[in-house]
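For reference, the structure is listed below as structure tokens.
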Amino acid sequence: MIKVEENVSLKEYNTFGIEARAKYLCRISSEAELIALLKSPIFNEGEHYILGGGSNILFTGDFDGLMIKVDLKGIEIVAEDEREVRIKAYSGENWHQLVLHAVANDWGGIENLSLIPGTVGAAPMQNIGAYGVEIKNLIESVDTIELATGLFRTFTNEECGFGYRESVFKKELRKKYFISSVTLRLTKKNHQLNTSYGAIPETLKEMHVTIPTVKSISEAVIKIRRSKLPDPAVIGNAGSFFKNPTIRLTQYKNLQSEYVAIPGYPVDNQNIKVPAGWLIEQCEWKGKRINNVGVHPKQALVLVNYGGGTGEEILQLSEKIQAAVLEKFDITLTPEVNIL
Ligand code: EPU
């Protein structure tokens, strides 16, 4: 039986902690419940939005439609041999809890993605990534239900069209499919540990780890994230607000002559990715605060709600930052969060 709530506060459903209301909200805890909802007049009469952990969304006003809160739970082993395990995790599971489950079993592959807020279903949506690993490297398939027909469809990794913080579910097939579970392929031995990215090596050293393991890498990543990213339970935020922009190598070289220290990660031999956090810091926005909203003092890519801030205020702040970066560097920053 599905239950639809009316005029619901969304404050608890978004990590920015923005006060906004939804006309309707329905929690879906099974595939059968979703199929029942798809047949209901409430689904068919207006707009809908599928909500995971609310950790990548900015509400700029009330939502005059149906919020579908994903609540499917469960983690199952679907196949294993002595080298690998394939696990199916349902979309309403908390992502970090899944990582901890893998770490506790010494299954390798997702340890660098520790402490990323949000749900399992949101992970393929935007191809979550951190510390040299993207979820696209581990995904075997994604089980979905087509909203228009209620038909089940399994997407292979290739069919997901993964890119940097992108997938087919965010682009061509946006709002067309409900993700019900994700199947990941993890290692049981000979783990391909990714220990070289950013602050990982020095953190492992501080932890006196000489032979890294799935567990120690997860602990190192948790330590790094806690040291510079604000905890949404304490200060409202949605992680990186912008994507790191990719620019032409020619533009990068011109910038390098003026800003010797500009960081860059080659994408191919014509293009290079530049950290948006660095660009924002150069524009002197890091740590700035306007009333209840601001730019995090330890990571300029993260916009924060100190409490009582509105979505509109965050949006205006983001537009000021975009204008400053465009003016100083002639680079356009694109939001990574979904703005509603
Ligand atoms: N930097 C600055 N100033 C800042 C922030 C960063 O100069 O305020 C510089 C750093 O010194 C470094 C570079 O920018 O040279 C990269 O910084 P960092 O390693 O912190 O990563 P990022 O590029 O800012 C990305 C992801 C994060 C992910 C980290 C670690 C995006 C949009 N963000 O941030 O993901 O945790 O790498 O892998 O790609 C998220 O998506 O919500 C998220 C937090």
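Identifiers for the structure tokens are assigned positionally: chains receive A, B, ... in sequence, residues are indexed from 1 per chain, and ligands are indexed from 1 in the order shown.
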Enumerate as a list in words the residues within 7 Å of ligand 1, counting only C-alpha atoms and all ligand atoms.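 The residues near ligand 1 are Ile128, Gly129, Ala130, Tyr131, Gly132, Gly198, Ala238, Gly239, Ser240, Phe241, Phe242, Lys243, Asn244, Pro263, Pro275, Ala276, Gly277, Trp278, Glu281, Lys286, Lys298, Gln299, Ala300, Leu301 and Glu336 of chain A.
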Can you list, as a list in words, every protein, DNA or RNA residue that comes within 12 Å of Lys170 (chain A) when you count only C-alpha atoms, leaving out same-chain residues fewer than 6 positions away?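 After dropping sequence-adjacent residues, the list is Ile50, Ala122, Ala123, Pro124, Met125, Gln126, Asn127, Cys160, Gly161, Phe162, Gly163, Tyr164, Lys176, Tyr177, Phe178, Ile179, Glu336, Val337 and Asn338 of chain A.
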I need the chosen residues saved as a compact mmCIF listing (two decimals), in the first residue's frame, with N, CA, C and O atoms.
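Saved the output as again_26.txt:
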# COMPACT_ATOMS: atom_id res chain seq x y z
N ILE A 50 12.57 12.40 -8.20
CA ILE A 50 13.03 11.23 -7.43
C ILE A 50 14.15 11.68 -6.50
O ILE A 50 15.16 12.21 -6.95
N ALA A 122 21.79 7.13 -6.08
CA ALA A 122 22.31 8.39 -6.64
C ALA A 122 23.73 8.21 -7.17
O ALA A 122 24.20 9.04 -7.96
N ALA A 123 24.39 7.13 -6.75
CA ALA A 123 25.80 6.94 -7.12
C ALA A 123 26.02 6.84 -8.64
O ALA A 123 26.86 7.56 -9.18
N PRO A 124 25.24 5.99 -9.36
CA PRO A 124 25.44 5.95 -10.80
C PRO A 124 24.92 7.19 -11.51
O PRO A 124 25.45 7.59 -12.55
N MET A 125 23.88 7.79 -10.96
CA MET A 125 23.27 8.99 -11.52
C MET A 125 24.34 10.01 -11.91
O MET A 125 24.39 10.50 -13.02
N GLN A 126 25.22 10.32 -10.95
CA GLN A 126 26.23 11.34 -11.23
C GLN A 126 27.64 10.75 -11.20
O GLN A 126 28.60 11.49 -11.05
N ASN A 127 27.73 9.44 -11.32
CA ASN A 127 29.04 8.78 -11.32
C ASN A 127 29.93 9.35 -10.23
O ASN A 127 30.94 10.00 -10.50
N CYS A 160 25.14 2.87 -19.40
CA CYS A 160 24.95 3.98 -18.45
C CYS A 160 25.60 5.27 -18.94
O CYS A 160 25.35 6.34 -18.37
N GLY A 161 26.43 5.20 -19.96
CA GLY A 161 27.04 6.40 -20.55
C GLY A 161 27.76 7.27 -19.54
O GLY A 161 27.57 8.48 -19.50
N PHE A 162 28.62 6.65 -18.72
CA PHE A 162 29.27 7.40 -17.66
C PHE A 162 30.30 8.39 -18.19
O PHE A 162 31.04 8.11 -19.13
N GLY A 163 30.36 9.55 -17.54
CA GLY A 163 31.40 10.55 -17.78
C GLY A 163 31.69 11.21 -16.45
O GLY A 163 31.14 10.78 -15.42
N TYR A 164 32.50 12.25 -16.43
CA TYR A 164 32.83 12.95 -15.18
C TYR A 164 31.55 13.56 -14.58
O TYR A 164 30.97 14.45 -15.18
N LYS A 176 13.47 9.63 -16.77
CA LYS A 176 12.74 8.57 -17.47
C LYS A 176 12.76 7.24 -16.70
O LYS A 176 11.89 6.41 -16.89
N TYR A 177 13.79 7.03 -15.86
CA TYR A 177 13.93 5.74 -15.18
C TYR A 177 14.09 5.91 -13.67
O TYR A 177 14.70 6.89 -13.22
N PHE A 178 13.57 4.96 -12.94
CA PHE A 178 13.74 4.89 -11.49
C PHE A 178 14.81 3.82 -11.25
O PHE A 178 14.65 2.68 -11.71
N ILE A 179 15.88 4.18 -10.56
CA ILE A 179 16.95 3.21 -10.29
C ILE A 179 16.55 2.40 -9.06
O ILE A 179 16.31 2.99 -7.99
N GLU A 336 27.33 21.46 -10.00
CA GLU A 336 27.31 20.01 -9.93
C GLU A 336 26.00 19.57 -9.25
O GLU A 336 25.49 18.48 -9.52
N VAL A 337 25.49 20.40 -8.38
CA VAL A 337 24.25 20.06 -7.67
C VAL A 337 23.04 20.30 -8.59
O VAL A 337 23.11 21.09 -9.52
N ASN A 338 21.97 19.59 -8.31
CA ASN A 338 20.73 19.81 -9.06
C ASN A 338 19.99 20.96 -8.41
O ASN A 338 19.76 20.95 -7.20
Name all residues at most 12 Å from Val99 (chain A) (count only C-alpha atoms; drop same-chain ones fewer than 4 positions away) and give them as number ranges by chain. A: 75, 87, 89, 93-95, 103-120, 123, 135, 184, 186, 214-215, 217-219, 221-222
Would you list the contacts of Leu51 (chain A) as a PDB file with N, CA, C and O atoms, in the first residue's frame, taking every protein, DNA or RNA residue within 7 Å and counting only C-alpha atoms, but skipping same-chain residues closer than 6 positions in sequence?
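What follows is the written file part25.pdb:
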ATOM      1  N   MET A  67       7.228  14.352  -4.684  1.00  0.00           N
ATOM      2  CA  MET A  67       8.577  13.895  -4.366  1.00  0.00           C
ATOM      3  C   MET A  67       8.506  12.401  -4.129  1.00  0.00           C
ATOM      4  O   MET A  67       7.703  11.948  -3.293  1.00  0.00           O
ATOM      5  N   ILE A  68       9.324  11.661  -4.829  1.00  0.00           N
ATOM      6  CA  ILE A  68       9.356  10.202  -4.631  1.00  0.00           C
ATOM      7  C   ILE A  68      10.612   9.890  -3.835  1.00  0.00           C
ATOM      8  O   ILE A  68      11.725  10.022  -4.345  1.00  0.00           O
ATOM      9  N   LYS A  69      10.425   9.571  -2.563  1.00  0.00           N
ATOM     10  CA  LYS A  69      11.577   9.315  -1.692  1.00  0.00           C
ATOM     11  C   LYS A  69      11.962   7.841  -1.800  1.00  0.00           C
ATOM     12  O   LYS A  69      11.166   6.959  -1.476  1.00  0.00           O
ATOM     13  N   VAL A  70      13.166   7.605  -2.262  1.00  0.00           N
ATOM     14  CA  VAL A  70      13.629   6.236  -2.496  1.00  0.00           C
ATOM     15  C   VAL A  70      14.010   5.581  -1.174  1.00  0.00           C
ATOM     16  O   VAL A  70      14.870   6.083  -0.453  1.00  0.00           O
TER      17      VAL A  70
END
Could you tell me, as a ChimeraX atom specification, which residues of region 96-328 of chain A DSSP assigns to helix (DSSP H, G or I) when given the backbone? /A:96-104,111-113,122-125,135-137,158-160,200-206,214-228,249-258,276-282,311-328
Would you mind exporting C-alpha atoms of the selected residues as a tab-separated table (two decimals), in the first residue's frame?
chain	number	residue	atom	x	y	z
A	96	HIS	CA	28.68	5.08	3.11
A	97	GLN	CA	27.05	2.16	4.96
A	98	LEU	CA	27.55	0.08	1.81
A	99	VAL	CA	31.23	1.10	1.74
A	100	LEU	CA	31.60	0.13	5.42
A	101	HIS	CA	29.95	-3.23	4.67
A	102	ALA	CA	32.45	-3.84	1.86
A	103	VAL	CA	35.39	-2.75	4.03
A	104	ALA	CA	34.26	-5.02	6.91
A	111	GLU	CA	37.11	2.22	-0.18
A	112	ASN	CA	38.24	5.53	-1.75
A	113	LEU	CA	34.56	6.48	-1.96
A	122	ALA	CA	22.31	8.39	-6.64
A	123	ALA	CA	25.80	6.94	-7.12
A	124	PRO	CA	25.44	5.95	-10.80
A	125	MET	CA	23.27	8.99	-11.52
A	135	ILE	CA	31.92	4.39	-9.35
A	136	LYS	CA	31.83	3.68	-13.10
A	137	ASN	CA	34.94	1.52	-12.59
A	158	GLU	CA	28.34	0.74	-21.09
A	159	GLU	CA	24.66	1.67	-21.48
A	160	CYS	CA	24.95	3.98	-18.45
A	200	ILE	CA	46.26	9.75	0.82
A	201	PRO	CA	50.01	8.91	0.96
A	202	GLU	CA	50.80	11.45	3.70
A	203	THR	CA	47.70	10.46	5.68
A	204	LEU	CA	48.66	6.76	5.57
A	205	LYS	CA	52.12	7.79	6.79
A	206	GLU	CA	50.63	9.78	9.66
A	214	VAL	CA	41.11	-1.77	2.01
A	215	LYS	CA	40.39	-0.81	5.63
A	216	SER	CA	43.31	1.58	6.14
A	217	ILE	CA	42.59	3.40	2.88
A	218	SER	CA	38.97	3.82	3.88
A	219	GLU	CA	40.13	5.20	7.25
A	220	ALA	CA	42.57	7.58	5.54
A	221	VAL	CA	39.87	8.90	3.20
A	222	ILE	CA	37.49	9.39	6.14
A	223	LYS	CA	40.21	11.32	7.98
A	224	ILE	CA	40.93	13.56	4.97
A	225	ARG	CA	37.27	14.25	4.26
A	226	ARG	CA	36.55	15.04	7.93
A	227	SER	CA	39.48	17.46	8.00
A	228	LYS	CA	38.30	19.63	5.14
A	249	LEU	CA	45.43	23.44	-23.09
A	250	THR	CA	46.21	26.70	-24.91
A	251	GLN	CA	44.14	28.67	-22.40
A	252	TYR	CA	45.77	26.76	-19.54
A	253	LYS	CA	49.27	27.66	-20.83
A	254	ASN	CA	48.30	31.33	-21.05
A	255	LEU	CA	47.01	31.23	-17.49
A	256	GLN	CA	50.17	29.44	-16.35
A	257	SER	CA	52.32	32.34	-17.49
A	258	GLU	CA	50.44	34.56	-15.04
A	276	ALA	CA	37.20	25.00	-9.39
A	277	GLY	CA	38.18	25.31	-5.70
A	278	TRP	CA	41.50	26.87	-6.72
A	279	LEU	CA	39.82	29.31	-9.16
A	280	ILE	CA	37.30	30.39	-6.50
A	281	GLU	CA	40.05	30.85	-3.92
A	282	GLN	CA	42.02	33.05	-6.35
A	311	GLY	CA	17.96	28.25	-1.53
A	312	GLU	CA	17.65	31.58	-3.31
A	313	GLU	CA	20.54	32.99	-1.22
A	314	ILE	CA	22.76	30.01	-2.07
A	315	LEU	CA	21.85	30.38	-5.74
A	316	GLN	CA	22.69	34.10	-5.73
A	317	LEU	CA	26.01	33.38	-4.00
A	318	SER	CA	26.82	30.76	-6.63
A	319	GLU	CA	26.03	33.24	-9.40
A	320	LYS	CA	28.36	35.85	-7.88
A	321	ILE	CA	31.13	33.24	-7.76
A	322	GLN	CA	30.49	32.21	-11.37
A	323	ALA	CA	30.66	35.87	-12.45
A	324	ALA	CA	33.93	36.44	-10.57
A	325	VAL	CA	35.59	33.33	-12.06
A	326	LEU	CA	34.36	34.22	-15.54
A	327	GLU	CA	35.70	37.74	-15.26
A	328	LYS	CA	39.10	36.82	-13.85
I'd like the contact shell of region 9-15 of chain A - 7 Å cut-off, only C-alpha atoms, skipping same-chain residues fewer than 6 positions apart - returned as a PyMOL selection string. chain A and resi 21-22+53-55+57+232+236-238
Quick one: write out the picked residues with all heavy atoms as a PDB file, in the first residue's frame?
ATOM      1  N   ARG A  21       8.868  23.214   0.799  1.00  0.00           N
ATOM      2  CA  ARG A  21       7.799  22.237   0.995  1.00  0.00           C
ATOM      3  C   ARG A  21       7.465  21.536  -0.323  1.00  0.00           C
ATOM      4  O   ARG A  21       7.608  22.135  -1.404  1.00  0.00           O
ATOM      5  CB  ARG A  21       6.536  22.920   1.558  1.00  0.00           C
ATOM      6  CG  ARG A  21       6.787  23.593   2.884  1.00  0.00           C
ATOM      7  CD  ARG A  21       5.517  24.024   3.570  1.00  0.00           C
ATOM      8  NE  ARG A  21       4.935  22.979   4.395  1.00  0.00           N
ATOM      9  CZ  ARG A  21       5.366  22.643   5.610  1.00  0.00           C
ATOM     10  NH1 ARG A  21       6.401  23.260   6.150  1.00  0.00           N
ATOM     11  NH2 ARG A  21       4.781  21.694   6.292  1.00  0.00           N
ATOM     12  N   ALA A  22       7.029  20.284  -0.203  1.00  0.00           N
ATOM     13  CA  ALA A  22       6.575  19.556  -1.390  1.00  0.00           C
ATOM     14  C   ALA A  22       5.069  19.394  -1.288  1.00  0.00           C
ATOM     15  O   ALA A  22       4.536  19.139  -0.198  1.00  0.00           O
ATOM     16  CB  ALA A  22       7.216  18.178  -1.451  1.00  0.00           C
ATOM     17  N   GLY A  53      19.320  10.710  -1.140  1.00  0.00           N
ATOM     18  CA  GLY A  53      19.707  11.229   0.174  1.00  0.00           C
ATOM     19  C   GLY A  53      19.581  12.738   0.273  1.00  0.00           C
ATOM     20  O   GLY A  53      19.841  13.305   1.341  1.00  0.00           O
ATOM     21  N   GLY A  54      19.253  13.403  -0.831  1.00  0.00           N
ATOM     22  CA  GLY A  54      19.125  14.869  -0.810  1.00  0.00           C
ATOM     23  C   GLY A  54      20.453  15.570  -0.607  1.00  0.00           C
ATOM     24  O   GLY A  54      20.502  16.706  -0.139  1.00  0.00           O
ATOM     25  N   SER A  55      21.552  14.877  -0.969  1.00  0.00           N
ATOM     26  CA  SER A  55      22.871  15.463  -0.713  1.00  0.00           C
ATOM     27  C   SER A  55      23.450  16.160  -1.936  1.00  0.00           C
ATOM     28  O   SER A  55      24.597  16.586  -1.928  1.00  0.00           O
ATOM     29  CB  SER A  55      23.833  14.380  -0.218  1.00  0.00           C
ATOM     30  OG  SER A  55      23.856  13.321  -1.143  1.00  0.00           O
ATOM     31  N   ILE A  57      21.283  18.375  -3.935  1.00  0.00           N
ATOM     32  CA  ILE A  57      20.139  19.148  -4.430  1.00  0.00           C
ATOM     33  C   ILE A  57      20.026  20.480  -3.704  1.00  0.00           C
ATOM     34  O   ILE A  57      20.345  20.583  -2.509  1.00  0.00           O
ATOM     35  CB  ILE A  57      18.830  18.324  -4.293  1.00  0.00           C
ATOM     36  CG1 ILE A  57      17.702  19.022  -5.047  1.00  0.00           C
ATOM     37  CG2 ILE A  57      18.430  18.063  -2.848  1.00  0.00           C
ATOM     38  CD1 ILE A  57      16.535  18.142  -5.351  1.00  0.00           C
ATOM     39  N   PRO A 232      27.492  17.652   6.876  1.00  0.00           N
ATOM     40  CA  PRO A 232      26.166  18.228   6.645  1.00  0.00           C
ATOM     41  C   PRO A 232      25.257  18.198   7.883  1.00  0.00           C
ATOM     42  O   PRO A 232      24.344  19.007   8.002  1.00  0.00           O
ATOM     43  CB  PRO A 232      25.562  17.361   5.535  1.00  0.00           C
ATOM     44  CG  PRO A 232      26.649  16.510   5.023  1.00  0.00           C
ATOM     45  CD  PRO A 232      27.781  16.524   5.994  1.00  0.00           C
ATOM     46  N   GLY A 236      25.000  22.891   6.914  1.00  0.00           N
ATOM     47  CA  GLY A 236      24.328  22.489   5.678  1.00  0.00           C
ATOM     48  C   GLY A 236      25.212  22.678   4.454  1.00  0.00           C
ATOM     49  O   GLY A 236      25.817  23.737   4.271  1.00  0.00           O
ATOM     50  N   ASN A 237      25.312  21.647   3.626  1.00  0.00           N
ATOM     51  CA  ASN A 237      26.069  21.757   2.370  1.00  0.00           C
ATOM     52  C   ASN A 237      25.745  20.565   1.489  1.00  0.00           C
ATOM     53  O   ASN A 237      25.140  19.597   1.946  1.00  0.00           O
ATOM     54  CB  ASN A 237      27.581  21.838   2.645  1.00  0.00           C
ATOM     55  CG  ASN A 237      28.182  20.496   3.010  1.00  0.00           C
ATOM     56  OD1 ASN A 237      28.622  19.737   2.164  1.00  0.00           O
ATOM     57  ND2 ASN A 237      28.170  20.159   4.307  1.00  0.00           N
ATOM     58  N   ALA A 238      26.156  20.651   0.225  1.00  0.00           N
ATOM     59  CA  ALA A 238      25.905  19.533  -0.698  1.00  0.00           C
ATOM     60  C   ALA A 238      27.205  19.113  -1.382  1.00  0.00           C
ATOM     61  O   ALA A 238      27.237  18.825  -2.577  1.00  0.00           O
ATOM     62  CB  ALA A 238      24.853  19.933  -1.728  1.00  0.00           C
TER      63      ALA A 238
END
Residues of region 132-338 of chain A classed as strand (DSSP E or B) by DSSP on the backbone are to be reported as a VMD selection string. chain A and resid 133 to 134 139 to 146 152 to 156 163 166 177 to 187 236 to 240 242 246 to 248 265 to 266 271 to 273 289 to 290 293 to 295 302 to 305 335 338
A:Lys73, A:His296, A:His48, A:Arg185: which is nearest Ser30 (chain A), counting only C-alpha atoms? A:Lys73
Counting only C-alpha atoms, which residues of region 33-71 of chain A sit at most 10 Å from some atom of region 140-151 of chain A, and what is each one's closest atom pair with its distance in Å to one decimal, listed by chain and rising residue number, as JSON lines?
{"residue": "A:Leu34", "atom": "CA", "partner": "A:Gly150", "partner_atom": "CA", "distance": 8.3}
{"residue": "A:Ile35", "atom": "CA", "partner": "A:Gly150", "partner_atom": "CA", "distance": 5.8}
{"residue": "A:Ala36", "atom": "CA", "partner": "A:Gly150", "partner_atom": "CA", "distance": 9.1}
{"residue": "A:Leu37", "atom": "CA", "partner": "A:Gly150", "partner_atom": "CA", "distance": 9.8}
{"residue": "A:Leu38", "atom": "CA", "partner": "A:Leu147", "partner_atom": "CA", "distance": 6.8}
{"residue": "A:Lys39", "atom": "CA", "partner": "A:Gly150", "partner_atom": "CA", "distance": 8.7}
{"residue": "A:Phe43", "atom": "CA", "partner": "A:Leu147", "partner_atom": "CA", "distance": 9.8}
{"residue": "A:Asn44", "atom": "CA", "partner": "A:Ala148", "partner_atom": "CA", "distance": 9.6}
Closest of A:Asn271, A:Val293, A:Thr154, A:Phe16 to Asn56 (chain A) - atom-to-atom distances counting only C-alpha atoms: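 Counting only C-alpha atoms, the residue closest to Asn56 (chain A) is A:Phe16.
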Nearest candidate to Gly121 (chain A) (options A:Gly17, A:Gly92, A:Gly46, A:Pro297; using only C-alpha atoms):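 The answer is A:Gly92, which sits nearest to Gly121 (chain A).
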Could you state the separation of CA of Tyr90 (chain A) and CA of Val133 (chain A) in Å, given to one decimal place?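 So the answer is 21.1 Å.
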